[in-house]
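Structure data (compact mmCIF, C-alpha atoms (C1' of nucleotides)) from target.txt:
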```txt
# COMPACT_ATOMS: atom_id res chain seq x y z
CA MET A 1 49.28 40.89 -108.43
CA THR A 2 47.90 40.78 -104.93
CA ASN A 3 49.69 41.19 -101.66
CA GLU A 4 47.48 40.51 -98.68
CA SER A 5 50.27 41.10 -96.21
CA SER A 6 50.09 44.03 -93.89
CA GLU A 7 53.81 44.45 -94.27
CA PRO A 8 55.84 45.71 -97.22
CA ASN A 9 58.25 42.85 -96.61
CA GLY A 10 57.29 39.39 -95.49
CA LYS A 11 58.13 40.02 -91.85
CA SER A 12 55.94 39.56 -88.81
CA PRO A 13 53.10 41.98 -88.13
CA ARG A 14 53.65 45.07 -86.03
CA ASN A 15 51.38 43.82 -83.31
CA GLY A 16 49.57 40.67 -82.35
CA ALA A 17 46.22 41.61 -83.82
CA GLY A 18 46.69 40.63 -87.42
CA ALA A 19 43.79 40.32 -89.82
CA LYS A 20 40.92 38.66 -88.03
CA GLY A 21 38.15 37.03 -89.99
CA ARG A 22 36.20 40.09 -90.91
CA VAL A 23 34.00 38.79 -93.64
CA SER A 24 32.30 42.11 -94.32
CA ARG A 25 30.37 42.44 -97.55
CA GLY A 26 30.64 38.76 -98.20
CA ASP A 27 34.32 38.45 -99.01
CA ASN A 28 33.48 37.95 -102.65
CA GLY A 29 30.79 39.44 -104.81
CA TYR A 30 29.84 42.99 -104.09
CA LYS A 31 26.22 43.88 -104.43
CA PRO A 32 25.34 47.50 -104.00
CA ARG A 33 22.55 48.37 -101.61
CA LEU A 34 20.53 51.50 -101.23
CA THR A 35 21.52 52.73 -97.78
CA GLY A 36 22.82 55.74 -95.94
CA ASP A 37 22.70 59.13 -97.60
CA LEU A 38 21.83 57.58 -100.92
CA LEU A 39 18.64 56.25 -99.40
CA SER A 40 17.95 59.36 -97.35
CA SER A 41 18.31 61.69 -100.30
CA SER A 42 16.08 59.49 -102.45
CA LEU A 43 13.37 59.67 -99.85
CA LEU A 44 13.75 63.40 -99.47
CA ALA A 45 13.59 63.81 -103.22
CA TYR A 46 10.27 61.99 -103.39
CA LEU A 47 8.97 64.01 -100.47
CA ARG A 48 9.88 67.25 -102.15
CA ARG A 49 7.09 66.61 -104.60
CA TRP A 50 4.56 64.64 -102.64
CA ASN A 51 3.69 64.06 -99.06
CA ALA A 52 3.76 60.33 -98.63
CA TYR A 53 3.93 57.58 -96.08
CA GLY A 54 6.53 54.89 -95.65
CA TYR A 55 4.77 52.09 -97.42
CA GLN A 56 4.29 54.22 -100.49
CA LEU A 57 7.91 55.18 -100.57
CA VAL A 58 8.88 51.54 -100.26
CA GLN A 59 6.73 50.75 -103.30
CA GLU A 60 8.18 53.61 -105.29
CA LEU A 61 11.75 52.64 -104.49
CA GLY A 62 10.92 49.10 -105.47
CA LYS A 63 9.87 50.26 -108.90
CA SER A 64 12.73 52.71 -109.31
CA GLY A 65 15.46 50.43 -110.57
CA LEU A 66 17.66 51.46 -107.67
CA PRO A 67 19.65 48.74 -105.94
CA ASP A 68 18.19 46.46 -103.34
CA PHE A 69 17.09 47.82 -100.01
CA ASP A 70 15.37 46.70 -96.83
CA SER A 71 11.93 48.09 -96.03
CA THR A 72 12.55 48.19 -92.28
CA THR A 73 15.57 50.34 -93.01
CA VAL A 74 13.33 52.73 -94.89
CA TYR A 75 11.02 53.10 -91.89
CA ARG A 76 13.93 53.59 -89.54
CA THR A 77 15.55 56.08 -91.88
CA LEU A 78 12.36 58.13 -92.04
CA ARG A 79 12.22 58.30 -88.24
CA GLN A 80 15.88 59.25 -88.28
CA LEU A 81 15.23 62.04 -90.74
CA GLU A 82 12.43 63.26 -88.53
CA LYS A 83 14.75 63.34 -85.52
CA SER A 84 17.16 65.37 -87.59
CA GLY A 85 14.36 67.72 -88.54
CA LEU A 86 14.47 67.13 -92.28
CA VAL A 87 10.95 65.73 -92.42
CA SER A 88 7.91 65.87 -90.20
CA SER A 89 5.07 63.44 -89.82
CA PHE A 90 1.64 62.84 -88.36
CA TRP A 91 -0.64 59.86 -88.00
CA ASP A 92 -3.15 59.89 -90.81
CA THR A 93 -6.32 58.01 -89.97
CA THR A 94 -8.63 59.72 -92.45
CA GLU A 95 -8.76 56.74 -94.75
CA SER A 96 -9.68 53.17 -94.00
CA GLY A 97 -7.02 50.60 -93.32
CA PRO A 98 -4.11 50.70 -90.92
CA ALA A 99 -3.05 54.14 -89.78
CA ARG A 100 -0.36 55.76 -91.86
CA ARG A 101 2.41 58.02 -90.81
CA ARG A 102 2.36 60.72 -93.42
CA TYR A 103 5.64 62.50 -94.00
CA SER A 104 6.43 65.86 -95.51
CA LEU A 105 9.63 67.72 -96.20
CA THR A 106 10.54 70.51 -93.80
CA GLN A 107 12.33 73.73 -94.68
CA SER A 108 15.41 72.18 -93.19
CA GLY A 109 14.97 69.17 -95.43
CA GLU A 110 14.60 71.37 -98.47
CA THR A 111 17.82 73.15 -97.62
CA PHE A 112 19.59 69.88 -97.15
CA LEU A 113 18.38 68.57 -100.49
CA ASP A 114 19.67 71.69 -102.21
CA LEU A 115 23.09 71.25 -100.64
CA TRP A 116 23.10 67.57 -101.43
CA TYR A 117 22.26 68.29 -105.02
CA ASP A 118 25.20 70.64 -105.36
CA MET A 119 27.55 68.18 -103.76
CA PHE A 120 26.14 65.55 -105.98
CA GLY A 121 27.34 67.37 -109.06
CA LYS A 122 30.91 66.91 -107.89
CA TYR A 123 30.40 63.23 -107.43
CA GLN A 124 28.93 63.00 -110.85
CA GLU A 125 31.98 64.63 -112.38
CA ILE A 126 34.26 62.12 -110.73
CA LEU A 127 32.19 59.20 -111.86
CA GLN A 128 31.85 60.70 -115.32
CA SER A 129 35.54 61.44 -115.62
CA ALA A 130 36.29 57.75 -115.23
CA TRP A 131 35.08 57.41 -118.80
CA ASN A 132 36.08 60.73 -120.32
CA SER A 133 38.96 60.57 -122.76
CA LEU A 134 39.36 56.95 -121.91
CA ASP A 135 37.86 53.82 -123.40
CA ASN A 136 40.50 54.27 -126.04
CA PRO A 137 43.43 52.10 -124.97
CA HIS A 138 46.93 53.48 -124.59
CA ARG A 139 46.29 56.98 -123.39
CA THR A 140 49.29 59.08 -124.31
CA SER A 141 50.83 61.68 -122.08
CA ALA A 142 49.74 64.14 -124.74
CA ASN A 143 46.10 64.19 -123.66
CA ALA A 144 47.24 64.64 -120.11
CA ASP A 145 44.00 66.09 -118.90
CA ALA A 146 45.15 65.00 -115.50
CA ALA A 147 43.86 68.43 -114.57
CA GLU A 148 44.02 68.82 -110.85
CA LEU A 149 46.03 65.68 -110.39
CA ASP A 150 49.66 65.92 -109.39
CA ASP A 151 51.39 65.48 -112.71
CA GLY A 152 53.52 62.38 -112.79
CA LYS A 153 52.58 60.97 -109.45
CA LEU A 154 49.74 58.83 -110.65
CA GLU A 155 50.40 55.99 -113.00
CA GLU A 156 48.00 55.48 -115.84
CA ALA A 157 45.84 52.42 -115.53
CA GLN A 158 47.40 49.67 -117.60
CA MET B 159 2.79 68.97 -87.36
CA THR B 160 4.91 66.34 -85.72
CA ASN B 161 3.82 63.26 -83.87
CA GLU B 162 6.67 61.47 -82.14
CA SER B 163 4.40 58.80 -80.74
CA SER B 164 4.73 55.27 -81.97
CA GLU B 165 0.96 54.93 -81.79
CA PRO B 166 -1.74 56.42 -83.98
CA ASN B 167 -3.69 57.25 -80.83
CA GLY B 168 -2.21 58.34 -77.56
CA LYS B 169 -2.29 54.88 -76.02
CA SER B 170 0.50 52.94 -74.44
CA PRO B 171 3.18 51.38 -76.64
CA ARG B 172 2.76 47.89 -78.00
CA ASN B 173 5.62 46.56 -75.97
CA GLY B 174 7.93 47.73 -73.23
CA ALA B 175 10.80 48.78 -75.42
CA GLY B 176 9.71 52.20 -76.61
CA ALA B 177 12.11 54.63 -78.24
CA LYS B 178 15.43 54.42 -76.46
CA GLY B 179 17.91 57.22 -76.72
CA ARG B 180 19.38 56.46 -80.09
CA VAL B 181 21.11 59.66 -80.89
CA SER B 182 22.39 58.57 -84.26
CA ARG B 183 23.44 61.30 -86.66
CA GLY B 184 23.46 63.85 -83.90
CA ASP B 185 19.72 64.26 -83.33
CA ASN B 186 19.87 67.65 -84.99
CA GLY B 187 21.87 68.89 -87.93
CA TYR B 188 22.60 66.41 -90.62
CA LYS B 189 25.96 66.57 -92.26
CA PRO B 190 26.55 64.26 -95.19
CA ARG B 191 29.68 62.15 -95.18
CA LEU B 192 31.38 60.28 -97.96
CA THR B 193 30.98 56.64 -96.94
CA GLY B 194 29.73 53.32 -98.16
CA ASP B 195 29.14 52.79 -101.84
CA LEU B 196 29.47 56.47 -102.55
CA LEU B 197 33.04 56.33 -101.28
CA SER B 198 33.79 52.99 -102.88
CA SER B 199 32.58 54.05 -106.29
CA SER B 200 34.56 57.29 -106.08
CA LEU B 201 37.72 55.34 -105.40
CA LEU B 202 37.00 52.89 -108.19
CA ALA B 203 36.35 55.77 -110.56
CA TYR B 204 39.76 57.26 -109.81
CA LEU B 205 41.37 53.88 -110.17
CA ARG B 206 39.81 53.36 -113.54
CA ARG B 207 42.09 56.05 -114.90
CA TRP B 208 45.15 55.79 -112.71
CA ASN B 209 46.77 53.26 -110.52
CA ALA B 210 47.22 54.99 -107.22
CA TYR B 211 47.88 54.41 -103.56
CA GLY B 212 45.73 55.30 -100.60
CA TYR B 213 47.40 58.50 -99.58
CA GLN B 214 47.03 59.88 -103.09
CA LEU B 215 43.37 59.03 -103.19
CA VAL B 216 42.89 60.71 -99.84
CA GLN B 217 44.48 63.86 -101.24
CA GLU B 218 42.33 63.77 -104.36
CA LEU B 219 39.13 63.27 -102.43
CA GLY B 220 40.13 66.14 -100.20
CA LYS B 221 40.32 68.43 -103.21
CA SER B 222 37.20 67.08 -104.85
CA GLY B 223 34.52 69.09 -103.10
CA LEU B 224 32.85 65.90 -101.98
CA PRO B 225 31.55 65.76 -98.43
CA ASP B 226 33.77 65.10 -95.46
CA PHE B 227 35.38 61.73 -95.01
CA ASP B 228 37.81 59.95 -92.74
CA SER B 229 41.16 58.85 -94.14
CA THR B 230 41.27 55.66 -92.13
CA THR B 231 37.96 54.75 -93.66
CA VAL B 232 39.51 55.18 -97.08
CA TYR B 233 42.30 52.75 -96.24
CA ARG B 234 39.83 50.29 -94.80
CA THR B 235 37.54 50.60 -97.78
CA LEU B 236 40.40 49.90 -100.17
CA ARG B 237 41.24 46.72 -98.29
CA GLN B 238 37.58 45.84 -98.38
CA LEU B 239 37.43 46.34 -102.11
CA GLU B 240 40.46 44.13 -102.48
CA LYS B 241 38.79 41.38 -100.48
CA SER B 242 35.81 41.69 -102.76
CA GLY B 243 38.10 41.45 -105.76
CA LEU B 244 37.31 44.83 -107.26
CA VAL B 245 40.86 46.11 -106.89
CA SER B 246 44.24 44.51 -106.43
CA SER B 247 47.35 45.88 -104.79
CA PHE B 248 51.04 45.36 -104.22
CA TRP B 249 53.63 46.98 -102.01
CA ASP B 250 55.53 49.52 -104.03
CA THR B 251 59.01 50.20 -102.67
CA THR B 252 60.56 51.54 -105.84
CA GLU B 253 60.60 55.11 -104.64
CA SER B 254 62.05 56.57 -101.48
CA GLY B 255 59.88 57.12 -98.46
CA PRO B 256 57.49 54.77 -96.71
CA ALA B 257 56.30 51.83 -98.75
CA ARG B 258 53.09 52.38 -100.64
CA ARG B 259 50.33 49.98 -101.40
CA ARG B 260 49.57 50.61 -105.01
CA TYR B 261 46.05 49.77 -106.14
CA SER B 262 44.63 49.04 -109.54
CA LEU B 263 41.17 48.21 -110.80
CA THR B 264 40.47 44.58 -111.66
CA GLN B 265 38.21 43.33 -114.41
CA SER B 266 35.66 42.64 -111.71
CA GLY B 267 35.98 46.22 -110.53
CA GLU B 268 35.50 47.53 -114.02
CA THR B 269 32.33 45.49 -114.39
CA PHE B 270 31.06 46.73 -111.08
CA LEU B 271 31.70 50.34 -112.02
CA ASP B 272 29.77 49.88 -115.25
CA LEU B 273 26.80 48.46 -113.37
CA TRP B 274 27.05 51.16 -110.75
CA TYR B 275 27.06 53.82 -113.42
CA ASP B 276 23.88 52.47 -114.94
CA MET B 277 22.16 52.25 -111.60
CA PHE B 278 23.38 55.68 -110.86
CA GLY B 279 21.43 57.08 -113.77
CA LYS B 280 18.22 56.00 -112.07
CA TYR B 281 19.20 57.72 -108.88
CA GLN B 282 19.97 60.83 -110.82
CA GLU B 283 16.52 60.84 -112.36
CA ILE B 284 14.91 60.63 -108.96
CA LEU B 285 17.00 63.43 -107.58
CA GLN B 286 16.49 65.47 -110.72
CA SER B 287 12.74 64.91 -110.74
CA ALA B 288 12.50 66.57 -107.35
CA TRP B 289 13.00 69.83 -109.22
CA ASN B 290 11.37 69.11 -112.56
CA SER B 291 8.10 70.89 -113.18
CA LEU B 292 8.21 72.15 -109.66
CA ASP B 293 9.72 75.26 -108.12
CA ASN B 294 6.55 76.90 -109.32
CA PRO B 295 4.21 76.91 -106.34
CA HIS B 296 0.72 75.45 -106.55
CA ARG B 297 1.16 72.65 -108.99
CA THR B 298 -2.19 71.96 -110.56
CA SER B 299 -3.56 68.52 -111.24
CA ALA B 300 -3.33 69.51 -114.89
CA ASN B 301 0.41 68.92 -115.08
CA ALA B 302 -0.03 65.60 -113.37
CA ASP B 303 3.22 64.18 -114.57
CA ALA B 304 2.95 61.85 -111.64
CA ALA B 305 4.05 59.34 -114.25
CA GLU B 306 4.52 55.99 -112.65
CA LEU B 307 3.08 57.12 -109.35
CA ASP B 308 -0.28 55.84 -108.25
CA ASP B 309 -2.60 58.61 -109.32
CA GLY B 310 -4.36 60.17 -106.36
CA LYS B 311 -2.59 58.32 -103.62
CA LEU B 312 0.16 60.80 -103.08
CA GLU B 313 -0.63 64.25 -101.86
CA GLU B 314 1.16 67.13 -103.43
CA ALA B 315 3.70 68.78 -101.20
CA GLN B 316 2.08 71.86 -99.77
C1' DT C 317 68.24 64.95 -82.07
C1' DC C 318 63.89 66.57 -83.17
C1' DA C 319 60.13 68.02 -85.87
C1' DT C 320 57.53 67.28 -89.93
C1' DC C 321 55.70 65.18 -93.92
C1' DT C 322 54.62 60.98 -96.09
C1' DA C 323 52.15 56.50 -95.82
C1' DT C 324 49.39 52.89 -93.71
C1' DG C 325 47.34 51.04 -90.26
C1' DT C 326 44.84 49.17 -85.30
C1' DG C 327 41.52 49.41 -81.16
C1' DC C 328 37.42 50.36 -79.61
C1' DA C 329 33.01 52.53 -78.89
C1' DA C 330 29.19 54.09 -81.33
C1' DA C 331 26.14 54.09 -85.13
C1' DA C 332 23.90 51.85 -89.09
C1' DT C 333 22.11 47.82 -91.19
C1' DA C 334 19.97 42.96 -92.41
C1' DC C 335 16.96 39.68 -91.27
C1' DA C 336 13.63 37.45 -88.48
C1' DC C 337 9.66 38.33 -86.35
C1' DA C 338 5.61 41.14 -84.16
C1' DT C 339 1.33 43.75 -84.50
C1' DA C 340 -2.78 45.96 -86.19
C1' DT C 341 -6.60 47.14 -89.80
C1' DC C 342 -9.43 45.77 -93.20
C1' DA C 343 -11.39 43.17 -97.45
C1' DG C 344 -12.95 39.02 -99.45
C1' DC C 345 -14.58 34.57 -98.99
C1' DA C 346 -15.73 29.87 -97.40
C1' DT D 347 -17.45 33.14 -87.80
C1' DG D 348 -12.87 32.12 -88.97
C1' DC D 349 -9.34 32.38 -92.34
C1' DT D 350 -6.17 34.38 -95.60
C1' DG D 351 -3.78 38.00 -97.72
C1' DA D 352 -2.80 42.83 -98.55
C1' DT D 353 -1.79 47.04 -96.25
C1' DA D 354 1.06 49.56 -92.88
C1' DT D 355 4.55 50.17 -89.31
C1' DG D 356 7.35 48.70 -86.44
C1' DT D 357 11.04 45.90 -82.65
C1' DG D 358 15.18 42.71 -81.28
C1' DT D 359 19.43 41.55 -82.01
C1' DA D 360 23.59 40.13 -84.16
C1' DT D 361 26.62 41.77 -87.57
C1' DT D 362 28.83 45.34 -90.18
C1' DT D 363 30.50 49.90 -90.81
C1' DT D 364 32.27 54.08 -89.21
C1' DG D 365 34.67 57.94 -86.43
C1' DC D 366 38.18 59.17 -83.67
C1' DA D 367 42.22 58.53 -81.00
C1' DC D 368 46.40 56.66 -81.39
C1' DA D 369 50.47 53.65 -83.31
C1' DT D 370 54.23 52.74 -86.56
C1' DA D 371 57.74 53.63 -89.79
C1' DG D 372 60.72 55.80 -93.60
C1' DA D 373 62.72 60.03 -95.16
C1' DT D 374 64.09 65.00 -94.97
C1' DG D 375 65.86 69.06 -93.13
C1' DA D 376 67.08 72.19 -89.17
```
Could you write out this structure as structure tokens?
Amino acid sequence: MTNESSEPNGKSPRNGAGAKGRVSRGDNGYKPRLTGDLLSSSLLAYLRRWNAYGYQLVQELGKSGLPDFDSTTVYRTLRQLEKSGLVSSFWDTTESGPARRRYSLTQSGETFLDLWYDMFGKYQEILQSAWNSLDNPHRTSANADAAELDDGKLEEAQ
Amino acid sequence: MTNESSEPNGKSPRNGAGAKGRVSRGDNGYKPRLTGDLLSSSLLAYLRRWNAYGYQLVQELGKSGLPDFDSTTVYRTLRQLEKSGLVSSFWDTTESGPARRRYSLTQSGETFLDLWYDMFGKYQEILQSAWNSLDNPHRTSANADAAELDDGKLEEAQ
DNA sequence: TCATCTATGTGCAAAATACACATATCAGCA
DNA sequence: TGCTGATATGTGTATTTTGCACATAGATGA
């Protein structure tokens, strides 16, 4: 049961804008990508253990099983993280081949990762709870482990 | 040891563009926000258990301990998810007060959440591994649980 | 009438991203 | 010598996403 209208009734929109053709993530199909903080924190996590350069991190991410990502985004993200002070870098020309920008985690980055990890636990709970005490159809109000949810305000998923 | 230069040596840049003043996430300080797929998947997770409307989800997220977010982004994301077919909605006018757009997870959304959950396990491992067999300074090459990492290519974090 | 809470949204500038393309080093090989 | 391919890091630019200010509207209570 879908209602695309911007109005609860079928009346005319409140202004002339309406819904313009914003196609966004492709209108249909929704493929996750490794971007934003999910990408940043992955990179920081690798760098907590090893100093590495961009190309290496790209390879590692490729093998990780994480969703698709763009390598140029990785490079830009690393520079971003450096601007924010979470990593630092220097040009490494000790070995043969093209020069590498070798990154390492800063104290600031370490602190951020710690905070992120904590926050991440909360996210995990939410994701996890989507399966807890479910997967058995017809949840009764008896196992109302709605916990912090406002009692009767939410309707159980059908 | 930081090298802002775009060049391994101190020479002039390869083209005239250079690094323009992209301030991005504030140049210093880096506060995580709940956006993108992290936000989407949180919403889908809630909707797997309860049908709910935007305002409710905003309240729940507010209480969740997750990082900061913008409520208008939540509304927009829900519409986005509907376009992608992961949720469906209808105007609910059964109760008093402003009309509510009540969302529920579709089959497509359920499938996506399952896939996301799997993928998420990988991410978790990466984040987790940043702490495993570390936190004890001076890792020796003996506990080289570098696992799938190319042997000597990565330098241990100092 | 007015303020306040509920509920959903738009406009617009700024930031992040995807994709095409650019550049440089070096190894192997014809 | 010239060529190709792997390594390594980027830029340009159009599109997409986001943050923040502001708009709209129903209901309640002073």
Could you tell me which of B:Asn209, B:Thr231, B:Gln238, B:Ser200 comes closest to chain C if we count all atoms listed in the file?
-> B:Thr231
Name all residues at most 8 Å from Met277 of chain B (count only C-alpha atoms (C1' of nucleotides); drop same-chain ones fewer than 2 positions away) and give them as a VMD selection string.
-> (chain A and resid 65 to 67) or (chain B and resid 273 to 275 279 to 281)
With only C-alpha atoms (C1' of nucleotides) as the atoms that count, which of D:DT353, D:DT359, D:DT347, D:DT374 lies nearest to chain B?
->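 Counting only C-alpha atoms (C1' of nucleotides), the residue closest to chain B is D:DT374.
Closest approach to chain A from the set C:DA323, C:DC337, C:DC345, C:DA332 is made by C:DA332, with distances taken over all atoms listed in the file.
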Just need the residues of chain A within 7 Å of chain D, counting all atoms listed in the file, so spit them out as number ranges by chain.
-> A: 24, 55, 97-100
With C-alpha atoms retained, could you export that selection as an mmCIF file, keeping the file's coordinate frame?
```cif
data_model
loop_
_atom_site.group_PDB
_atom_site.id
_atom_site.type_symbol
_atom_site.label_atom_id
_atom_site.label_comp_id
_atom_site.auth_asym_id
_atom_site.auth_seq_id
_atom_site.Cartn_x
_atom_site.Cartn_y
_atom_site.Cartn_z
ATOM 1 C CA SER A 24 32.300 42.110 -94.320
ATOM 2 C CA TYR A 55 4.770 52.090 -97.420
ATOM 3 C CA GLY A 97 -7.020 50.600 -93.320
ATOM 4 C CA PRO A 98 -4.110 50.700 -90.920
ATOM 5 C CA ALA A 99 -3.050 54.140 -89.780
ATOM 6 C CA ARG A 100 -0.360 55.760 -91.860
#
```
Rounded to one decimal in Å, what is the spacing between atom CA of Asp118 of chain A and atom CA of Leu34 of chain A?
->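 Going from atom CA of Asp118 of chain A over to atom CA of Leu34 of chain A covers 20.1 Å.
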Mind giving me the straight-line distance from atom CA of Gln56 of chain A to atom CA of Gly194 of chain B in Å, one decimal?
->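 Here the two named atoms are 25.6 Å from each other.
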Write out as a list in words the residues lying within 6 Å of segment 128-133 of chain A, counting all atoms listed in the file and excluding same-chain residues fewer than 4 positions away.
->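 Non-adjacent residues within range: Gln124 of chain A; Ala203 and Arg206 of chain B.
Among the candidates B:Asp226, B:Glu240, B:Asp250, B:Glu268, the residue lying nearest to chain C is B:Asp250 (atoms considered: all atoms listed in the file).
Using all atoms listed in the file, one finds that the residues of chain C close to chain A, at 9 Å or less, are DT324, DG325, DT326, DA332, DT333, DA334, DA340, DT341 and DC342 of chain C.
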